[in-house]
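Step one of this worksheet: look at the structure below.
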Amino acid sequence: MTQVRADLRNVAIVAHVDHGKTTLVDGMLWQGGAFDARATVEKTGERVMDSGDLEREKGITILAKNTAITYHGPSAAEFGAPEGVIINVIDTPGHADFSGEVERGLSMVDGVVLLVDASEGPLPQTRFVLRKALEANLPVITVINKVDRPDARISEVVEEAQDLLLNLAADIDEVDLDLERLMDIPVIYAAAKAGRADTVQPADGQVPANENLEPLFRAILEHIPAPTYEADAPLVAQVTNLDASPFLGRLALVRVYSGELKKGAWVGLANGPDSDIERVHITELLRTQGLDRVPATVAGPGDIVAVAGMPNIMIGQTLVDLDDPRPKPRIHIDDPAISMTIGINTSPLAGKIKGHKLTARQVRDRLAQELVGNVSIRVLPTDRPDAWEVQDRGELALAILVETMRREGFELTVGKPQVVKRIIDGVVHEPWERATIDVPEEHLGAVTQLMAARKGQMETMSNHGSGWVRMEFVLPSRGMIGFRTQFLTQTRGTGIAASISEGYAPWAGEIESRNTGSLVSDRSGQVTAFSLQRLEDRGTFFVDPGEETYEGQIVGENSRNEDMEVNVVKAKEMTNMRSANADVFESLQARRKLTLEECIEFAAEDECIEVTPEVVRVRKVILSTTERLRQAARRKRSNGN
């Protein structure tokens, strides 16, 4: 007999990056009573759901997170839950590189709230998350957010969102979509930062007339179905995320589909429908309240809870009844598109500071640890025992992993990102992306030329009459590697670009990623102000006087399209007239300090990145100048033959 959990809703908040997902969840938490007068969290404008240091620094969500709001508003009794409705909210990343987190988040829920910026409208990640929701046949609530932006164009964005929805629905053949439900999707108008939402469209640039988020809560209760289950069905609970506790060890976040999960019970653990069943013990059961996890004794159908007691449990596995096991299929994640070699630090300055993690075993164990909780990453061996090929959805996701390891004390050598190629019908295929670019009209020509050099094919171009142009390109994923820096330079920091996977297509030919060369140190030593001043006309430097350098390190960017060997350690001859640095410092140009992401973008094909907790350097893969010349000569002879 089918039963309904009227007191429960499971919903994911999905959108393109920076369209206000996390801000909206924060508003729901505050208005849902997650923080009372004794709460230690202060409403200071910081997003409480973005808890990681990197998330706060970059202003993006990296990991899908869940929270639970107990809603006691006027709509609760109307929908059969007079004592309140528990709304489990999954806050998913908005950046395309973390699409694995989005797919995993959608596997937990029964519907989605789709946020669309009232000015920018649907962007590539909007298309991705909406397509995934439709493929899972999940109901959608559209929220037009930031309606109080001065440049809001609410009516146009609503129409664009509806067009996108219907176009995607027409493309999806493998799912029997409820077209009547699609045509009746509710639209909520919100200003998440102000904590307001309404069903009545405000004027462009104005906050909604309603003073709270009650219309959104009501829409969730009305349009997101309550979990249903068979009363006599056995236990089925799938692992959707992993966490850790200093007291309980590994925690598994599970969605219960049927049966009951009890603290202290013995249950089965399966990898999929055809796998063996392992007998495991639930030592602890934790339920989410607001941002906290509290002990519980039992969880029923529809609940999202954390369990402890299984040190080897993995994402995608299923907890089942030992007497009647019915495991669910593993969670499907799109294949990686970008790879990067990560290994131990092999530079001459490796291990200069005590306490750093230097060994191949430490790097290998850390990458194995990443595999446990990151569903979209893959780690493959290379022909070297101290380096591994790491694959993920995008360049940013890999940069985040390297930055996290750097902050944990690792010293690494990181290769330039490469695309993951496939052979289809005997032809080499590579991943392609769909890029949406917004730029002021005066930069239209420069950006079009930049994309053409990267094999970009323009598909659409529109002008909303606001002085900005929106273009949509399809191009190889290789073309997006190192694109950001050049794009921001060409548009003087005003352009906005975003991209999403477009599948695989035949290899597009060679792409020149950089039209400048490198200034390469030809010897080891300490950088001097005298040598930098003498070489300033050659290009821009990345090093300061007093820094240690070594042969093969990239110390600057050459203004010409060729590499140049330079001596940056030469000191001025001492005389009895003046000191070596007497008149140098005041005339030196400020150096260009590269971040990790900028180093990854800057590196050429024969270069890599040295990463330590204190400094990030670009260097040649082959440090010796003599050996590099020999290799070049051998390649030239080989090509000539």
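In the structure tokens, each chain is lettered A, B, ... as it comes, each chain's residues begin at 1, and ligands are numbered from 1 in order of appearance.
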
*Per DSSP on the backbone, what are the alpha helix (DSSP H) residues of region 207-342 of chain A, as a PyMOL selection string?*
chain A and resi 214-223

Just to be explicit: take each residue in the selection above, keep all heavy atoms, and write the result as a PDB file, in the first residue's frame.
ATOM      1  N   GLU A 214       7.458  33.597   2.269  1.00  0.00           N
ATOM      2  CA  GLU A 214       6.312  32.707   2.405  1.00  0.00           C
ATOM      3  C   GLU A 214       5.817  32.163   1.057  1.00  0.00           C
ATOM      4  O   GLU A 214       5.518  30.961   0.945  1.00  0.00           O
ATOM      5  CB  GLU A 214       5.166  33.432   3.136  1.00  0.00           C
ATOM      6  CG  GLU A 214       3.865  32.649   3.251  1.00  0.00           C
ATOM      7  CD  GLU A 214       4.016  31.389   4.081  1.00  0.00           C
ATOM      8  OE1 GLU A 214       4.886  31.348   4.963  1.00  0.00           O
ATOM      9  OE2 GLU A 214       3.260  30.434   3.816  1.00  0.00           O
ATOM     10  N   PRO A 215       5.706  32.979  -0.026  1.00  0.00           N
ATOM     11  CA  PRO A 215       5.269  32.420  -1.315  1.00  0.00           C
ATOM     12  C   PRO A 215       6.168  31.300  -1.827  1.00  0.00           C
ATOM     13  O   PRO A 215       5.696  30.368  -2.483  1.00  0.00           O
ATOM     14  CB  PRO A 215       5.298  33.633  -2.245  1.00  0.00           C
ATOM     15  CG  PRO A 215       5.094  34.807  -1.339  1.00  0.00           C
ATOM     16  CD  PRO A 215       5.842  34.450  -0.091  1.00  0.00           C
ATOM     17  N   LEU A 216       7.479  31.380  -1.550  1.00  0.00           N
ATOM     18  CA  LEU A 216       8.387  30.315  -1.972  1.00  0.00           C
ATOM     19  C   LEU A 216       8.134  29.047  -1.161  1.00  0.00           C
ATOM     20  O   LEU A 216       8.075  27.939  -1.729  1.00  0.00           O
ATOM     21  CB  LEU A 216       9.841  30.765  -1.814  1.00  0.00           C
ATOM     22  CG  LEU A 216      10.909  29.702  -2.110  1.00  0.00           C
ATOM     23  CD1 LEU A 216      10.786  29.190  -3.543  1.00  0.00           C
ATOM     24  CD2 LEU A 216      12.315  30.260  -1.861  1.00  0.00           C
ATOM     25  N   PHE A 217       7.999  29.184   0.159  1.00  0.00           N
ATOM     26  CA  PHE A 217       7.692  28.014   0.992  1.00  0.00           C
ATOM     27  C   PHE A 217       6.398  27.352   0.521  1.00  0.00           C
ATOM     28  O   PHE A 217       6.307  26.122   0.416  1.00  0.00           O
ATOM     29  CB  PHE A 217       7.570  28.413   2.464  1.00  0.00           C
ATOM     30  CG  PHE A 217       8.887  28.660   3.143  1.00  0.00           C
ATOM     31  CD1 PHE A 217       9.209  29.911   3.662  1.00  0.00           C
ATOM     32  CD2 PHE A 217       9.817  27.651   3.275  1.00  0.00           C
ATOM     33  CE1 PHE A 217      10.417  30.147   4.299  1.00  0.00           C
ATOM     34  CE2 PHE A 217      11.036  27.867   3.919  1.00  0.00           C
ATOM     35  CZ  PHE A 217      11.335  29.120   4.422  1.00  0.00           C
ATOM     36  N   ARG A 218       5.393  28.155   0.217  1.00  0.00           N
ATOM     37  CA  ARG A 218       4.112  27.604  -0.221  1.00  0.00           C
ATOM     38  C   ARG A 218       4.265  26.871  -1.557  1.00  0.00           C
ATOM     39  O   ARG A 218       3.700  25.788  -1.751  1.00  0.00           O
ATOM     40  CB  ARG A 218       3.074  28.722  -0.349  1.00  0.00           C
ATOM     41  CG  ARG A 218       1.708  28.206  -0.804  1.00  0.00           C
ATOM     42  CD  ARG A 218       0.679  29.309  -0.946  1.00  0.00           C
ATOM     43  NE  ARG A 218      -0.573  28.741  -1.424  1.00  0.00           N
ATOM     44  CZ  ARG A 218      -1.477  28.171  -0.648  1.00  0.00           C
ATOM     45  NH1 ARG A 218      -1.285  28.106   0.671  1.00  0.00           N
ATOM     46  NH2 ARG A 218      -2.585  27.671  -1.172  1.00  0.00           N
ATOM     47  N   ALA A 219       5.034  27.446  -2.478  1.00  0.00           N
ATOM     48  CA  ALA A 219       5.241  26.805  -3.778  1.00  0.00           C
ATOM     49  C   ALA A 219       5.943  25.457  -3.620  1.00  0.00           C
ATOM     50  O   ALA A 219       5.624  24.486  -4.324  1.00  0.00           O
ATOM     51  CB  ALA A 219       6.049  27.727  -4.693  1.00  0.00           C
ATOM     52  N   ILE A 220       6.890  25.385  -2.691  1.00  0.00           N
ATOM     53  CA  ILE A 220       7.593  24.117  -2.448  1.00  0.00           C
ATOM     54  C   ILE A 220       6.609  23.064  -1.945  1.00  0.00           C
ATOM     55  O   ILE A 220       6.602  21.914  -2.418  1.00  0.00           O
ATOM     56  CB  ILE A 220       8.756  24.322  -1.458  1.00  0.00           C
ATOM     57  CG1 ILE A 220       9.879  25.131  -2.129  1.00  0.00           C
ATOM     58  CG2 ILE A 220       9.298  22.987  -0.958  1.00  0.00           C
ATOM     59  CD1 ILE A 220      11.005  25.535  -1.194  1.00  0.00           C
ATOM     60  N   LEU A 221       5.767  23.427  -0.978  1.00  0.00           N
ATOM     61  CA  LEU A 221       4.807  22.463  -0.441  1.00  0.00           C
ATOM     62  C   LEU A 221       3.795  22.037  -1.493  1.00  0.00           C
ATOM     63  O   LEU A 221       3.347  20.882  -1.506  1.00  0.00           O
ATOM     64  CB  LEU A 221       4.076  23.067   0.767  1.00  0.00           C
ATOM     65  CG  LEU A 221       4.924  23.451   1.979  1.00  0.00           C
ATOM     66  CD1 LEU A 221       4.033  23.786   3.163  1.00  0.00           C
ATOM     67  CD2 LEU A 221       5.893  22.345   2.354  1.00  0.00           C
ATOM     68  N   GLU A 222       3.440  22.952  -2.383  1.00  0.00           N
ATOM     69  CA  GLU A 222       2.391  22.661  -3.359  1.00  0.00           C
ATOM     70  C   GLU A 222       2.906  21.895  -4.567  1.00  0.00           C
ATOM     71  O   GLU A 222       2.229  20.987  -5.072  1.00  0.00           O
ATOM     72  CB  GLU A 222       1.751  23.976  -3.820  1.00  0.00           C
ATOM     73  CG  GLU A 222       0.602  23.792  -4.798  1.00  0.00           C
ATOM     74  CD  GLU A 222      -0.066  25.105  -5.170  1.00  0.00           C
ATOM     75  OE1 GLU A 222       0.279  26.150  -4.552  1.00  0.00           O
ATOM     76  OE2 GLU A 222      -0.927  25.093  -6.076  1.00  0.00           O
ATOM     77  N   HIS A 223       4.128  22.219  -5.042  1.00  0.00           N
ATOM     78  CA  HIS A 223       4.589  21.675  -6.320  1.00  0.00           C
ATOM     79  C   HIS A 223       5.671  20.604  -6.189  1.00  0.00           C
ATOM     80  O   HIS A 223       5.911  19.872  -7.159  1.00  0.00           O
ATOM     81  CB  HIS A 223       5.100  22.808  -7.211  1.00  0.00           C
ATOM     82  CG  HIS A 223       4.027  23.776  -7.617  1.00  0.00           C
ATOM     83  ND1 HIS A 223       3.167  23.541  -8.659  1.00  0.00           N
ATOM     84  CD2 HIS A 223       3.666  24.983  -7.091  1.00  0.00           C
ATOM     85  CE1 HIS A 223       2.319  24.553  -8.779  1.00  0.00           C
ATOM     86  NE2 HIS A 223       2.605  25.449  -7.838  1.00  0.00           N
TER      87      HIS A 223
END

Would you give me, as a JSON list (two decimals) with N, CA and C atoms, in the first residue's frame, the residues in region 413-626 of chain A that DSSP reads as strand (DSSP E)?
[["chain", "number", "residue", "atom", "x", "y", "z"],
["A", 413, "THR", "N", 54.40, 18.93, -8.13],
["A", 413, "THR", "CA", 54.64, 19.37, -9.49],
["A", 413, "THR", "C", 53.37, 19.10, -10.27],
["A", 414, "VAL", "N", 52.81, 20.13, -10.89],
["A", 414, "VAL", "CA", 51.51, 20.02, -11.56],
["A", 414, "VAL", "C", 51.69, 20.32, -13.04],
["A", 415, "GLY", "N", 51.23, 19.42, -13.89],
["A", 415, "GLY", "CA", 51.36, 19.59, -15.33],
["A", 415, "GLY", "C", 50.28, 20.49, -15.91],
["A", 418, "GLN", "N", 45.28, 18.99, -19.83],
["A", 418, "GLN", "CA", 45.08, 18.42, -21.15],
["A", 418, "GLN", "C", 43.65, 17.90, -21.25],
["A", 419, "VAL", "N", 43.14, 17.76, -22.46],
["A", 419, "VAL", "CA", 41.80, 17.21, -22.62],
["A", 419, "VAL", "C", 41.87, 15.69, -22.65],
["A", 422, "ARG", "N", 39.04, 10.66, -26.92],
["A", 422, "ARG", "CA", 38.42, 9.36, -27.17],
["A", 422, "ARG", "C", 38.61, 8.99, -28.65],
["A", 423, "ILE", "N", 38.66, 7.70, -28.92],
["A", 423, "ILE", "CA", 38.68, 7.21, -30.29],
["A", 423, "ILE", "C", 37.29, 6.67, -30.60],
["A", 424, "ILE", "N", 36.58, 7.32, -31.52],
["A", 424, "ILE", "CA", 35.23, 6.91, -31.91],
["A", 424, "ILE", "C", 35.24, 6.60, -33.40],
["A", 427, "VAL", "N", 38.34, 7.57, -35.28],
["A", 427, "VAL", "CA", 38.66, 9.00, -35.38],
["A", 427, "VAL", "C", 38.85, 9.57, -33.98],
["A", 428, "VAL", "N", 39.87, 10.41, -33.81],
["A", 428, "VAL", "CA", 40.12, 11.04, -32.51],
["A", 428, "VAL", "C", 39.06, 12.11, -32.25],
["A", 429, "HIS", "N", 38.37, 11.98, -31.12],
["A", 429, "HIS", "CA", 37.39, 12.97, -30.68],
["A", 429, "HIS", "C", 37.88, 13.64, -29.40],
["A", 430, "GLU", "N", 37.47, 14.88, -29.19],
["A", 430, "GLU", "CA", 37.83, 15.62, -27.99],
["A", 430, "GLU", "C", 36.58, 16.29, -27.41],
["A", 431, "PRO", "N", 36.59, 16.63, -26.12],
["A", 431, "PRO", "CA", 35.43, 17.30, -25.53],
["A", 431, "PRO", "C", 35.28, 18.72, -26.06],
["A", 432, "TRP", "N", 34.03, 19.12, -26.30],
["A", 432, "TRP", "CA", 33.72, 20.49, -26.73],
["A", 432, "TRP", "C", 32.85, 21.14, -25.67],
["A", 433, "GLU", "N", 32.80, 22.47, -25.71],
["A", 433, "GLU", "CA", 32.02, 23.22, -24.74],
["A", 433, "GLU", "C", 31.17, 24.27, -25.45],
["A", 434, "ARG", "N", 30.08, 24.62, -24.80],
["A", 434, "ARG", "CA", 29.23, 25.72, -25.26],
["A", 434, "ARG", "C", 29.48, 26.90, -24.32],
["A", 435, "ALA", "N", 30.01, 27.98, -24.88],
["A", 435, "ALA", "CA", 30.38, 29.15, -24.07],
["A", 435, "ALA", "C", 29.42, 30.30, -24.35],
["A", 436, "THR", "N", 28.95, 30.92, -23.28],
["A", 436, "THR", "CA", 28.12, 32.12, -23.38],
["A", 436, "THR", "C", 28.94, 33.30, -22.88],
["A", 437, "ILE", "N", 29.05, 34.34, -23.70],
["A", 437, "ILE", "CA", 29.91, 35.48, -23.38],
["A", 437, "ILE", "C", 29.10, 36.77, -23.45],
["A", 438, "ASP", "N", 29.16, 37.56, -22.38],
["A", 438, "ASP", "CA", 28.54, 38.89, -22.33],
["A", 438, "ASP", "C", 29.64, 39.93, -22.28],
["A", 439, "VAL", "N", 29.64, 40.87, -23.24],
["A", 439, "VAL", "CA", 30.67, 41.91, -23.28],
["A", 439, "VAL", "C", 30.05, 43.23, -23.71],
["A", 440, "PRO", "N", 30.65, 44.35, -23.28],
["A", 440, "PRO", "CA", 30.23, 45.65, -23.84],
["A", 440, "PRO", "C", 30.46, 45.66, -25.35],
["A", 457, "GLN", "N", 33.17, 28.55, -32.76],
["A", 457, "GLN", "CA", 32.18, 28.76, -33.82],
["A", 457, "GLN", "C", 30.98, 29.48, -33.22],
["A", 458, "MET", "N", 30.72, 30.72, -33.67],
["A", 458, "MET", "CA", 29.61, 31.49, -33.12],
["A", 458, "MET", "C", 28.28, 30.91, -33.63],
["A", 459, "GLU", "N", 27.36, 30.70, -32.68],
["A", 459, "GLU", "CA", 26.04, 30.17, -33.04],
["A", 459, "GLU", "C", 24.95, 31.22, -32.94],
["A", 460, "THR", "N", 25.01, 32.06, -31.91],
["A", 460, "THR", "CA", 24.00, 33.12, -31.78],
["A", 460, "THR", "C", 24.67, 34.39, -31.27],
["A", 461, "MET", "N", 24.06, 35.52, -31.57],
["A", 461, "MET", "CA", 24.49, 36.81, -31.02],
["A", 461, "MET", "C", 23.25, 37.68, -30.85],
["A", 462, "SER", "N", 23.11, 38.29, -29.68],
["A", 462, "SER", "CA", 21.93, 39.12, -29.42],
["A", 462, "SER", "C", 22.35, 40.37, -28.67],
["A", 463, "ASN", "N", 21.60, 41.44, -28.90],
["A", 463, "ASN", "CA", 21.86, 42.71, -28.24],
["A", 463, "ASN", "C", 20.55, 43.17, -27.60],
["A", 468, "TRP", "N", 25.32, 46.04, -24.14],
["A", 468, "TRP", "CA", 26.01, 44.77, -23.98],
["A", 468, "TRP", "C", 25.55, 43.81, -25.06],
["A", 469, "VAL", "N", 26.46, 42.93, -25.47],
["A", 469, "VAL", "CA", 26.16, 41.92, -26.48],
["A", 469, "VAL", "C", 26.36, 40.54, -25.85],
["A", 470, "ARG", "N", 25.43, 39.62, -26.13],
["A", 470, "ARG", "CA", 25.58, 38.23, -25.69],
["A", 470, "ARG", "C", 25.86, 37.36, -26.91],
["A", 471, "MET", "N", 26.95, 36.58, -26.83],
["A", 471, "MET", "CA", 27.33, 35.66, -27.90],
["A", 471, "MET", "C", 27.40, 34.24, -27.36],
["A", 472, "GLU", "N", 27.08, 33.29, -28.20],
["A", 472, "GLU", "CA", 27.16, 31.88, -27.83],
["A", 472, "GLU", "C", 28.05, 31.17, -28.83],
["A", 473, "PHE", "N", 29.10, 30.53, -28.32],
["A", 473, "PHE", "CA", 30.07, 29.83, -29.16],
["A", 473, "PHE", "C", 30.09, 28.35, -28.79],
["A", 474, "VAL", "N", 30.44, 27.52, -29.77],
["A", 474, "VAL", "CA", 30.80, 26.12, -29.53],
["A", 474, "VAL", "C", 32.26, 25.99, -29.89],
["A", 475, "LEU", "N", 33.07, 25.44, -28.98],
["A", 475, "LEU", "CA", 34.51, 25.35, -29.22],
["A", 475, "LEU", "C", 35.10, 24.17, -28.47],
["A", 476, "PRO", "N", 36.29, 23.68, -28.87],
["A", 476, "PRO", "CA", 36.94, 22.60, -28.13],
["A", 476, "PRO", "C", 37.26, 23.03, -26.69],
["A", 496, "ILE", "N", 32.02, 38.85, -19.14],
["A", 496, "ILE", "CA", 31.55, 37.72, -18.34],
["A", 496, "ILE", "C", 31.46, 36.51, -19.26],
["A", 497, "ALA", "N", 32.12, 35.41, -18.88],
["A", 497, "ALA", "CA", 32.12, 34.21, -19.71],
["A", 497, "ALA", "C", 31.80, 32.99, -18.86],
["A", 498, "ALA", "N", 31.04, 32.07, -19.43],
["A", 498, "ALA", "CA", 30.70, 30.82, -18.75],
["A", 498, "ALA", "C", 30.53, 29.75, -19.82],
["A", 499, "SER", "N", 30.81, 28.50, -19.45],
["A", 499, "SER", "CA", 30.71, 27.42, -20.44],
["A", 499, "SER", "C", 30.20, 26.15, -19.79],
["A", 500, "ILE", "N", 29.73, 25.23, -20.63],
["A", 500, "ILE", "CA", 29.20, 23.96, -20.18],
["A", 500, "ILE", "C", 29.54, 22.90, -21.23],
["A", 501, "SER", "N", 29.63, 21.65, -20.82],
["A", 501, "SER", "CA", 29.99, 20.57, -21.74],
["A", 501, "SER", "C", 28.99, 20.45, -22.88],
["A", 502, "GLU", "N", 29.53, 20.21, -24.09],
["A", 502, "GLU", "CA", 28.70, 20.02, -25.27],
["A", 502, "GLU", "C", 28.95, 18.64, -25.88],
["A", 503, "GLY", "N", 29.56, 17.73, -25.10],
["A", 503, "GLY", "CA", 29.83, 16.39, -25.62],
["A", 503, "GLY", "C", 31.14, 16.33, -26.37],
["A", 504, "TYR", "N", 31.30, 15.27, -27.19],
["A", 504, "TYR", "CA", 32.55, 15.04, -27.93],
["A", 504, "TYR", "C", 32.33, 15.28, -29.42],
["A", 505, "ALA", "N", 33.37, 15.79, -30.09],
["A", 505, "ALA", "CA", 33.35, 16.03, -31.52],
["A", 505, "ALA", "C", 34.77, 15.78, -32.05],
["A", 506, "PRO", "N", 34.95, 15.59, -33.37],
["A", 506, "PRO", "CA", 36.29, 15.32, -33.91],
["A", 506, "PRO", "C", 37.31, 16.40, -33.54],
["A", 517, "GLY", "N", 56.15, 34.56, -25.21],
["A", 517, "GLY", "CA", 57.09, 33.54, -24.77],
["A", 517, "GLY", "C", 57.40, 33.68, -23.28],
["A", 518, "SER", "N", 58.35, 32.85, -22.83],
["A", 518, "SER", "CA", 58.74, 32.85, -21.42],
["A", 518, "SER", "C", 60.16, 33.36, -21.26],
["A", 519, "LEU", "N", 60.39, 34.07, -20.16],
["A", 519, "LEU", "CA", 61.75, 34.43, -19.75],
["A", 519, "LEU", "C", 62.22, 33.36, -18.77],
["A", 520, "VAL", "N", 63.27, 32.62, -19.16],
["A", 520, "VAL", "CA", 63.70, 31.43, -18.42],
["A", 520, "VAL", "C", 65.05, 31.70, -17.76],
["A", 521, "SER", "N", 65.12, 31.45, -16.46],
["A", 521, "SER", "CA", 66.39, 31.63, -15.75],
["A", 521, "SER", "C", 67.40, 30.60, -16.25],
["A", 525, "GLY", "N", 70.51, 30.79, -8.20],
["A", 525, "GLY", "CA", 71.06, 31.86, -7.40],
["A", 525, "GLY", "C", 69.98, 32.75, -6.83],
["A", 526, "GLN", "N", 70.39, 33.92, -6.35],
["A", 526, "GLN", "CA", 69.47, 34.87, -5.76],
["A", 526, "GLN", "C", 69.23, 36.01, -6.74],
["A", 539, "GLY", "N", 60.35, 42.17, -21.01],
["A", 539, "GLY", "CA", 59.01, 41.70, -20.69],
["A", 539, "GLY", "C", 58.64, 42.00, -19.25],
["A", 540, "THR", "N", 57.70, 41.21, -18.73],
["A", 540, "THR", "CA", 57.20, 41.39, -17.36],
["A", 540, "THR", "C", 57.75, 40.28, -16.48],
["A", 541, "PHE", "N", 58.23, 40.64, -15.28],
["A", 541, "PHE", "CA", 58.85, 39.64, -14.41],
["A", 541, "PHE", "C", 57.89, 39.17, -13.31],
["A", 548, "GLU", "N", 65.06, 33.23, -4.29],
["A", 548, "GLU", "CA", 65.88, 32.16, -4.85],
["A", 548, "GLU", "C", 65.28, 31.73, -6.19],
["A", 549, "THR", "N", 66.15, 31.46, -7.17],
["A", 549, "THR", "CA", 65.71, 30.93, -8.45],
["A", 549, "THR", "C", 66.62, 29.79, -8.86],
["A", 553, "GLN", "N", 63.61, 27.79, -14.30],
["A", 553, "GLN", "CA", 62.42, 28.44, -13.75],
["A", 553, "GLN", "C", 61.96, 29.56, -14.68],
["A", 554, "ILE", "N", 60.64, 29.70, -14.85],
["A", 554, "ILE", "CA", 60.09, 30.81, -15.63],
["A", 554, "ILE", "C", 60.03, 32.03, -14.72],
["A", 555, "VAL", "N", 60.85, 33.03, -15.02],
["A", 555, "VAL", "CA", 60.93, 34.21, -14.15],
["A", 555, "VAL", "C", 60.15, 35.40, -14.71],
["A", 556, "GLY", "N", 59.59, 35.25, -15.92],
["A", 556, "GLY", "CA", 58.83, 36.35, -16.49],
["A", 556, "GLY", "C", 58.20, 35.96, -17.81],
["A", 557, "GLU", "N", 57.45, 36.91, -18.38],
["A", 557, "GLU", "CA", 56.79, 36.71, -19.67],
["A", 557, "GLU", "C", 57.47, 37.57, -20.72],
["A", 558, "ASN", "N", 57.95, 36.93, -21.77],
["A", 558, "ASN", "CA", 58.62, 37.65, -22.84],
["A", 558, "ASN", "C", 57.58, 38.37, -23.70],
["A", 564, "MET", "N", 63.22, 33.02, -23.97],
["A", 564, "MET", "CA", 64.52, 33.68, -23.89],
["A", 564, "MET", "C", 65.20, 33.30, -22.58],
["A", 565, "GLU", "N", 66.45, 32.85, -22.69],
["A", 565, "GLU", "CA", 67.24, 32.54, -21.49],
["A", 565, "GLU", "C", 67.80, 33.85, -20.94],
["A", 566, "VAL", "N", 67.62, 34.08, -19.64],
["A", 566, "VAL", "CA", 68.09, 35.33, -19.03],
["A", 566, "VAL", "C", 68.84, 35.02, -17.73],
["A", 607, "GLU", "N", 55.93, 23.30, -20.16],
["A", 607, "GLU", "CA", 56.11, 23.88, -18.82],
["A", 607, "GLU", "C", 55.16, 23.21, -17.82],
["A", 608, "CYS", "N", 55.47, 23.37, -16.55],
["A", 608, "CYS", "CA", 54.63, 22.85, -15.48],
["A", 608, "CYS", "C", 54.69, 23.82, -14.30],
["A", 609, "ILE", "N", 54.00, 23.48, -13.22],
["A", 609, "ILE", "CA", 53.90, 24.39, -12.08],
["A", 609, "ILE", "C", 54.46, 23.72, -10.84],
["A", 610, "GLU", "N", 55.34, 24.42, -10.15],
["A", 610, "GLU", "CA", 55.84, 23.97, -8.84],
["A", 610, "GLU", "C", 54.95, 24.60, -7.77],
["A", 611, "VAL", "N", 54.35, 23.77, -6.94],
["A", 611, "VAL", "CA", 53.41, 24.25, -5.93],
["A", 611, "VAL", "C", 53.93, 23.89, -4.55],
["A", 616, "VAL", "N", 54.17, 29.61, -5.47],
["A", 616, "VAL", "CA", 53.82, 28.87, -6.68],
["A", 616, "VAL", "C", 54.69, 29.41, -7.81],
["A", 617, "ARG", "N", 55.38, 28.51, -8.51],
["A", 617, "ARG", "CA", 56.28, 28.92, -9.58],
["A", 617, "ARG", "C", 55.94, 28.16, -10.87],
["A", 618, "VAL", "N", 56.17, 28.81, -12.02],
["A", 618, "VAL", "CA", 56.12, 28.12, -13.30],
["A", 618, "VAL", "C", 57.55, 27.75, -13.68],
["A", 619, "ARG", "N", 57.73, 26.56, -14.26],
["A", 619, "ARG", "CA", 59.07, 26.09, -14.63],
["A", 619, "ARG", "C", 58.98, 25.25, -15.89],
["A", 620, "LYS", "N", 60.13, 25.04, -16.51],
["A", 620, "LYS", "CA", 60.20, 24.13, -17.64],
["A", 620, "LYS", "C", 60.14, 22.69, -17.12]]

_Under the rule that only C-alpha atoms are counted, which of A:Leu401, A:Ile338, A:Val305, A:Ala152 is the nearest residue to Leu371 (chain A)?_
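Nearest to Leu371 (chain A): A:Leu401.
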
*Could you tell me which of A:Thr528, A:Ser258, A:Ser275, A:Asn567 comes closest to Ile304 (chain A) if we count only C-alpha atoms?*
A:Ser258

*Would you mind reading off the distance between CA of Glu403 (chain A) and CA of Lys354 (chain A), one decimal, in Å?*
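According to the coordinates, CA of Glu403 (chain A) and CA of Lys354 (chain A) are separated by 19.5 Å.
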
*Using only C-alpha atoms, which of A:Arg523, A:Arg384, A:His356, A:His443 sits nearest Thr494 (chain A)?*
A:His443

I'd like the neighbourhood of Leu322 (chain A) as a tab-separated table (two decimals) with N, CA, C and O atoms, in the first residue's frame, where a residue qualifies if any of its atoms comes within 9 Å (using only C-alpha atoms), though same-chain residues fewer than 5 positions away should be ignored.
chain	number	residue	atom	x	y	z
A	235	LEU	N	14.15	-2.23	3.72
A	235	LEU	CA	15.05	-1.08	3.78
A	235	LEU	C	15.81	-0.90	2.46
A	235	LEU	O	16.42	-1.83	1.94
A	266	TRP	N	21.88	-4.10	12.30
A	266	TRP	CA	22.77	-4.71	11.32
A	266	TRP	C	22.06	-4.71	9.97
A	266	TRP	O	20.92	-5.17	9.88
A	267	VAL	N	22.71	-4.18	8.95
A	267	VAL	CA	22.10	-4.08	7.62
A	267	VAL	C	23.10	-4.55	6.57
A	267	VAL	O	24.26	-4.83	6.88
A	268	GLY	N	22.64	-4.63	5.33
A	268	GLY	CA	23.52	-5.01	4.23
A	268	GLY	C	24.04	-3.79	3.50
A	268	GLY	O	23.38	-2.75	3.43
A	269	LEU	N	25.24	-3.91	2.92
A	269	LEU	CA	25.85	-2.84	2.12
A	269	LEU	C	26.19	-3.42	0.75
A	269	LEU	O	26.93	-4.41	0.65
A	277	ILE	N	26.65	-8.76	-0.89
A	277	ILE	CA	26.11	-7.98	0.23
A	277	ILE	C	27.04	-8.13	1.42
A	277	ILE	O	27.32	-9.25	1.88
A	278	GLU	N	27.53	-6.99	1.93
A	278	GLU	CA	28.39	-6.99	3.13
A	278	GLU	C	27.54	-6.65	4.36
A	278	GLU	O	26.71	-5.74	4.32
A	279	ARG	N	27.75	-7.38	5.45
A	279	ARG	CA	26.99	-7.13	6.69
A	279	ARG	C	27.69	-6.03	7.48
A	279	ARG	O	28.87	-6.14	7.82
